[in-house]
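*Asks:* See final-v2.cif below, with mmCIF, C-alpha atoms.
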data_start
loop_
_atom_site.label_atom_id
_atom_site.label_comp_id
_atom_site.auth_asym_id
_atom_site.auth_seq_id
_atom_site.Cartn_x
_atom_site.Cartn_y
_atom_site.Cartn_z
CA MET A 1429 24.74 -0.42 13.99
CA ILE A 1430 22.30 -2.75 12.24
CA GLU A 1431 18.59 -2.78 11.52
CA PRO A 1432 17.65 -6.48 11.63
CA GLY A 1433 14.05 -6.00 10.53
CA ARG A 1434 15.02 -3.91 7.58
CA SER A 1435 18.04 -5.94 6.53
CA LEU A 1436 16.32 -9.33 6.93
CA VAL A 1437 12.82 -8.69 5.65
CA GLY A 1438 12.70 -5.22 4.11
CA ASN A 1439 13.11 -6.48 0.56
CA ALA A 1440 11.34 -9.78 1.22
CA GLY A 1441 7.86 -8.27 1.27
CA MET A 1442 5.64 -6.16 -0.92
CA CYS A 1443 2.36 -4.32 -0.59
CA VAL A 1444 -0.03 -5.32 -3.37
CA THR A 1445 -2.67 -2.70 -4.10
CA GLU A 1446 -5.40 -2.26 -6.70
CA VAL A 1447 -5.64 0.75 -9.01
CA MET A 1448 -9.06 2.17 -8.21
CA TYR A 1449 -9.09 5.26 -10.43
CA LEU A 1450 -6.81 7.21 -12.76
CA LYS A 1451 -7.35 10.94 -12.49
CA PRO A 1452 -5.71 13.07 -15.20
CA GLY A 1453 -4.88 16.66 -14.40
CA GLU A 1454 -3.39 19.69 -16.09
CA GLN A 1455 -0.29 19.68 -13.88
CA LYS A 1456 -0.36 16.23 -12.25
CA ASN A 1457 -1.91 12.86 -12.91
CA PHE A 1458 -3.08 10.75 -10.00
CA CYS A 1459 -3.20 6.97 -9.70
CA ILE A 1460 -5.57 6.31 -6.81
CA VAL A 1461 -5.04 2.91 -5.20
CA ASP A 1462 -6.79 1.05 -2.38
CA ALA A 1463 -3.71 1.01 -0.11
CA ALA A 1464 -3.20 4.11 2.00
CA MET A 1465 -0.85 5.84 4.41
CA ASN A 1466 -2.19 3.63 7.20
CA ASP A 1467 -1.05 0.50 5.30
CA LEU A 1468 2.44 1.76 4.36
CA PRO A 1469 3.21 4.95 6.32
CA ARG A 1470 6.90 5.38 5.35
CA PRO A 1471 6.32 7.61 2.28
CA ALA A 1472 3.95 9.91 4.18
CA MET A 1473 6.10 10.00 7.32
CA TYR A 1474 9.51 10.65 5.80
CA GLU A 1475 9.25 10.56 2.03
CA ALA A 1476 10.66 7.04 1.75
CA PHE A 1477 10.97 5.71 -1.80
CA HIS A 1478 9.46 2.34 -2.72
CA THR A 1479 9.75 1.00 -6.26
CA MET A 1480 6.35 0.24 -7.82
CA VAL A 1481 5.69 -2.21 -10.63
CA PRO A 1482 2.49 -3.52 -12.20
CA VAL A 1483 1.81 -7.15 -11.26
CA GLN A 1484 0.80 -7.83 -14.88
CA PRO A 1485 2.82 -5.56 -17.21
CA ARG A 1486 0.89 -3.79 -19.97
CA SER A 1487 2.17 -2.83 -23.39
CA ILE A 1488 0.84 0.74 -23.21
CA ALA A 1489 2.87 3.91 -22.99
CA PRO A 1490 3.67 4.86 -19.39
CA THR A 1491 2.14 7.94 -17.81
CA THR A 1492 3.67 9.84 -14.90
CA TYR A 1493 1.47 9.63 -11.80
CA ASP A 1494 1.48 10.51 -8.16
CA VAL A 1495 0.30 7.27 -6.53
CA VAL A 1496 -2.11 8.16 -3.74
CA GLY A 1497 -4.45 6.36 -1.37
CA PRO A 1498 -8.18 6.86 -0.74
CA VAL A 1499 -7.76 8.63 2.61
CA CYS A 1500 -8.56 12.31 2.09
CA GLU A 1501 -5.27 13.64 3.48
CA SER A 1502 -2.49 15.50 1.69
CA GLY A 1503 -0.04 13.01 3.23
CA ASP A 1504 -1.80 9.98 1.78
CA TRP A 1505 0.64 9.16 -0.98
CA LEU A 1506 2.79 6.12 -1.71
CA GLY A 1507 4.90 7.48 -4.57
CA ARG A 1508 5.41 10.67 -6.52
CA ASP A 1509 6.21 11.11 -10.21
CA ARG A 1510 6.09 7.41 -11.14
CA ALA A 1511 6.07 6.33 -14.78
CA LEU A 1512 3.49 3.53 -14.84
CA SER A 1513 1.64 1.60 -17.52
CA VAL A 1514 -1.56 0.84 -15.59
CA GLN A 1515 -5.32 0.89 -15.96
CA THR A 1516 -8.16 0.84 -13.44
CA GLY A 1517 -8.41 -2.60 -11.86
CA ASP A 1518 -4.70 -3.42 -12.28
CA LEU A 1519 -2.65 -4.62 -9.33
CA LEU A 1520 0.45 -2.65 -8.39
CA ALA A 1521 3.28 -4.12 -6.31
CA VAL A 1522 4.95 -1.67 -3.92
CA LEU A 1523 8.33 -3.30 -3.32
CA SER A 1524 10.67 -3.42 -0.32
CA ALA A 1525 7.75 -3.14 2.09
CA GLY A 1526 8.38 -6.28 4.15
CA ALA A 1527 9.52 -4.54 7.31
CA TYR A 1528 7.11 -1.63 7.05
CA CYS A 1529 3.51 -2.57 6.30
CA MET A 1530 1.97 -4.55 9.14
CA SER A 1531 4.58 -3.52 11.70
CA MET A 1532 3.76 0.16 11.09
CA ALA A 1533 0.10 -0.14 10.02
CA SER A 1534 -2.72 1.57 11.88
CA ASN A 1535 -6.48 1.86 11.83
CA TYR A 1536 -6.30 5.52 10.88
CA ASN A 1537 -9.56 6.82 9.42
CA THR A 1538 -11.27 3.59 10.61
CA ARG A 1539 -9.54 1.51 7.96
CA GLY A 1540 -8.98 -2.15 8.71
CA ARG A 1541 -5.47 -3.48 8.36
CA ALA A 1542 -4.75 -5.52 5.25
CA ALA A 1543 -4.36 -9.27 5.08
CA GLU A 1544 -0.87 -10.78 5.16
CA VAL A 1545 0.06 -13.58 2.80
CA LEU A 1546 3.21 -15.70 2.89
CA VAL A 1547 4.44 -17.13 -0.40
CA ASP A 1548 6.69 -20.17 -0.04
CA GLY A 1549 7.71 -21.32 -3.50
CA ALA A 1550 4.46 -22.37 -5.18
CA GLU A 1551 2.52 -22.41 -1.89
CA VAL A 1552 0.48 -19.46 -0.66
CA HIS A 1553 -0.55 -19.13 3.01
CA LEU A 1554 -2.87 -16.57 4.58
CA ILE A 1555 -1.01 -15.75 7.81
CA ARG A 1556 -3.22 -12.86 8.94
CA ALA A 1557 -6.79 -12.25 7.77
CA ARG A 1558 -7.95 -8.81 6.70
CA GLU A 1559 -9.24 -6.89 9.71
CA ASP A 1560 -12.92 -6.02 9.58
CA PHE A 1561 -14.91 -3.29 11.31
CA ALA A 1562 -16.28 -5.57 14.02
CA GLU A 1563 -12.73 -6.53 15.04
CA MET A 1564 -11.69 -2.88 15.21
CA VAL A 1565 -14.48 -1.91 17.59
CA ARG A 1566 -14.70 -5.17 19.59
CA SER A 1567 -13.11 -3.71 22.73
CA GLU A 1568 -15.02 -0.41 22.65
CA LYS A 1569 -17.83 0.12 25.18
CA LEU A 1570 -20.86 2.40 25.04
CA LEU A 1571 -21.54 4.79 27.88
CA PRO A 1572 -24.54 3.94 30.09
#
I need this file expressed as structure tokens, please.

*Replies:*
Amino acid sequence: MIEPGRSLVGNAGMCVTEVMYLKPGEQKNFCIVDAAMNDLPRPAMYEAFHTMVPVQPRSIAPTTYDVVGPVCESGDWLGRDRALSVQTGDLLAVLSAGAYCMSMASNYNTRGRAAEVLVDGAEVHLIRAREDFAEMVRSEKLLP
């Protein structure tokens, strides 16, 4: 029938991630970012495609990368075979992620969930703070 979350907010949100490391290889190049499969699980779960663009475009020749997260799992990828003009420290916007990041996020591998920011014209509002380790373990109890 309809998917209200997807149709209303799917394209309204993005996941912004930082390029941590570029790893060249003989057969594949990897762009390792700080977002992971726990932040945006759709690509890992069912090979969903999300367009990726640098927040600040660079005038360097693009390189084809597999964009992967820092979780040491073969499923920790956000995009395969992406032509990107990026360098370490650049921000990358993963588009059409509005209905999929926080609603599907987890604390897999003891990773805190990302902050959520709402942009309203020229105004920016933090609507959910980044989750820290103390918040993740707050309800856990030690055995006597």

*Asks:* Taking 4 positions as the minimum chain separation for residues in the same chain, which residues sit within 8 Å of Ile1555 of chain A when counting only C-alpha atoms? Answer as a list in words.

*Replies:*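 In the requested format, the answer is Ala1543, Glu1544, Val1545 and Leu1546 of chain A.
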
*Asks:* Report as a list in words the full result of the PyMOL selection byres ((chain A and resi 1558-1563) around 10) when it is applied to this structure.

*Replies:*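 Checking the PyMOL selection byres ((chain A and resi 1558-1563) around 10) against this file, the residues are Asn1535, Thr1538, Arg1539, Gly1540, Arg1541, Ala1542, Ala1543, Glu1544, Leu1554, Ile1555, Arg1556, Ala1557, Met1564, Val1565, Arg1566 and Ser1567 of chain A.
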
*Asks:* To test your reading of the syntax: which residues would the PyMOL selection byres ((chain A and resi 1512) around 9) return for the file shown? Reply as a ChimeraX atom specification.

*Replies:* /A:1480-1482,1489-1493,1510-1511,1513-1514

*Asks:* Residues of the last selection are to be written out with C-alpha atoms, as a PDB file, keeping the file's coordinate frame.

*Replies:*
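Below is the file selection.pdb, written as the result:
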ATOM      1  CA  MET A1480       6.350   0.240  -7.820  1.00  0.00           C
ATOM      2  CA  VAL A1481       5.690  -2.210 -10.630  1.00  0.00           C
ATOM      3  CA  PRO A1482       2.490  -3.520 -12.200  1.00  0.00           C
ATOM      4  CA  ALA A1489       2.870   3.910 -22.990  1.00  0.00           C
ATOM      5  CA  PRO A1490       3.670   4.860 -19.390  1.00  0.00           C
ATOM      6  CA  THR A1491       2.140   7.940 -17.810  1.00  0.00           C
ATOM      7  CA  THR A1492       3.670   9.840 -14.900  1.00  0.00           C
ATOM      8  CA  TYR A1493       1.470   9.630 -11.800  1.00  0.00           C
ATOM      9  CA  ARG A1510       6.090   7.410 -11.140  1.00  0.00           C
ATOM     10  CA  ALA A1511       6.070   6.330 -14.780  1.00  0.00           C
ATOM     11  CA  SER A1513       1.640   1.600 -17.520  1.00  0.00           C
ATOM     12  CA  VAL A1514      -1.560   0.840 -15.590  1.00  0.00           C
TER      13      VAL A1514
END

*Asks:* The PyMOL selection byres ((chain A and resi 1528) around 9) - which residues does that actually catch in the file I just gave you? List them as JSON, numbers by chain.

*Replies:* {"A": [1433, 1434, 1438, 1441, 1467, 1468, 1469, 1470, 1524, 1525, 1526, 1527, 1529, 1530, 1531, 1532, 1533]}

*Asks:* If I wrap all listed atoms of segment 1469-1478 of chain A in a box with edges along x, y and z and add 4 Å on each side, what are its centre and edge lengths in Å to one decimal, as AutoDock Vina command-line options?

*Replies:*
--center_x 7.1 --center_y 6.5 --center_z 2.3 --size_x 15.8 --size_y 16.3 --size_z 18.0

*Asks:* Report the distance between atom CA of Thr1516 of chain A and atom CA of Met1448 of chain A in Å, rounded to one decimal place.

*Replies:*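 So the two atoms, atom CA of Thr1516 of chain A and atom CA of Met1448 of chain A, lie 5.5 Å apart.
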
*Asks:* What does the distance from atom CA of Glu1551 of chain A to atom CA of Met1442 of chain A come to in Å, to one decimal?

*Replies:*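 The value is 16.6 Å.
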
*Asks:* Rank nothing, just name the residue among A:Tyr1474, A:Asp1494, A:Pro1432, A:Val1437 nearest to Lys1451 of chain A, using only C-alpha atoms.

*Replies:* A:Asp1494

*Asks:* For Gly1507 of chain A, which of A:Glu1475, A:Glu1568, A:Asp1462, A:Glu1446 is the closest residue, counting all atoms listed in the file?

*Replies:*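 Of the candidates, the smallest distance to Gly1507 of chain A is held by A:Glu1475.
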
*Asks:* Which of these residues is nearest to Gln1484 of chain A, using only C-alpha atoms: A:Ala1472, A:Cys1459, A:Ala1550, A:Leu1519?

*Replies:*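 Checking each of A:Ala1472, A:Cys1459, A:Ala1550, A:Leu1519 against Gln1484 of chain A, counting only C-alpha atoms, the winner is A:Leu1519.
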
*Asks:* To one decimal place, how far is atom CA of Val1483 of chain A from atom CA of Gly1549 of chain A in Å?

*Replies:*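 So the answer is 17.2 Å.
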
*Asks:* With a distance cut-off of 9 Å and all atoms listed in the file, select the neighbouring residues of Tyr1449 of chain A, excluding the residue or stretch itself and same-chain residues fewer than 6 positions from it, and output the selection as a list in words.

*Replies:*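 My reading of the contact set: Phe1458, Cys1459, Ile1460, Val1461, Gln1515, Thr1516 and Gly1517 of chain A.
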
*Asks:* Could you check which of A:Val1444, A:Leu1570, A:Met1465, A:Leu1450 is closest to Pro1498 of chain A, using only C-alpha atoms?

*Replies:*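 Once distances to Pro1498 of chain A are computed over only C-alpha atoms, the minimum belongs to A:Met1465.
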
*Asks:* So that I can see what lies close to Glu1501 of chain A, please list as a list in words the residues with an atom at most 12 Å from it, counting all atoms listed in the file and leaving out residues fewer than 3 positions away in the same chain.

*Replies:*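 The residues satisfying every condition are Ala1464, Met1465, Asn1466, Ala1472, Val1496, Gly1497, Pro1498, Asp1504, Trp1505, Tyr1536 and Asn1537 of chain A.
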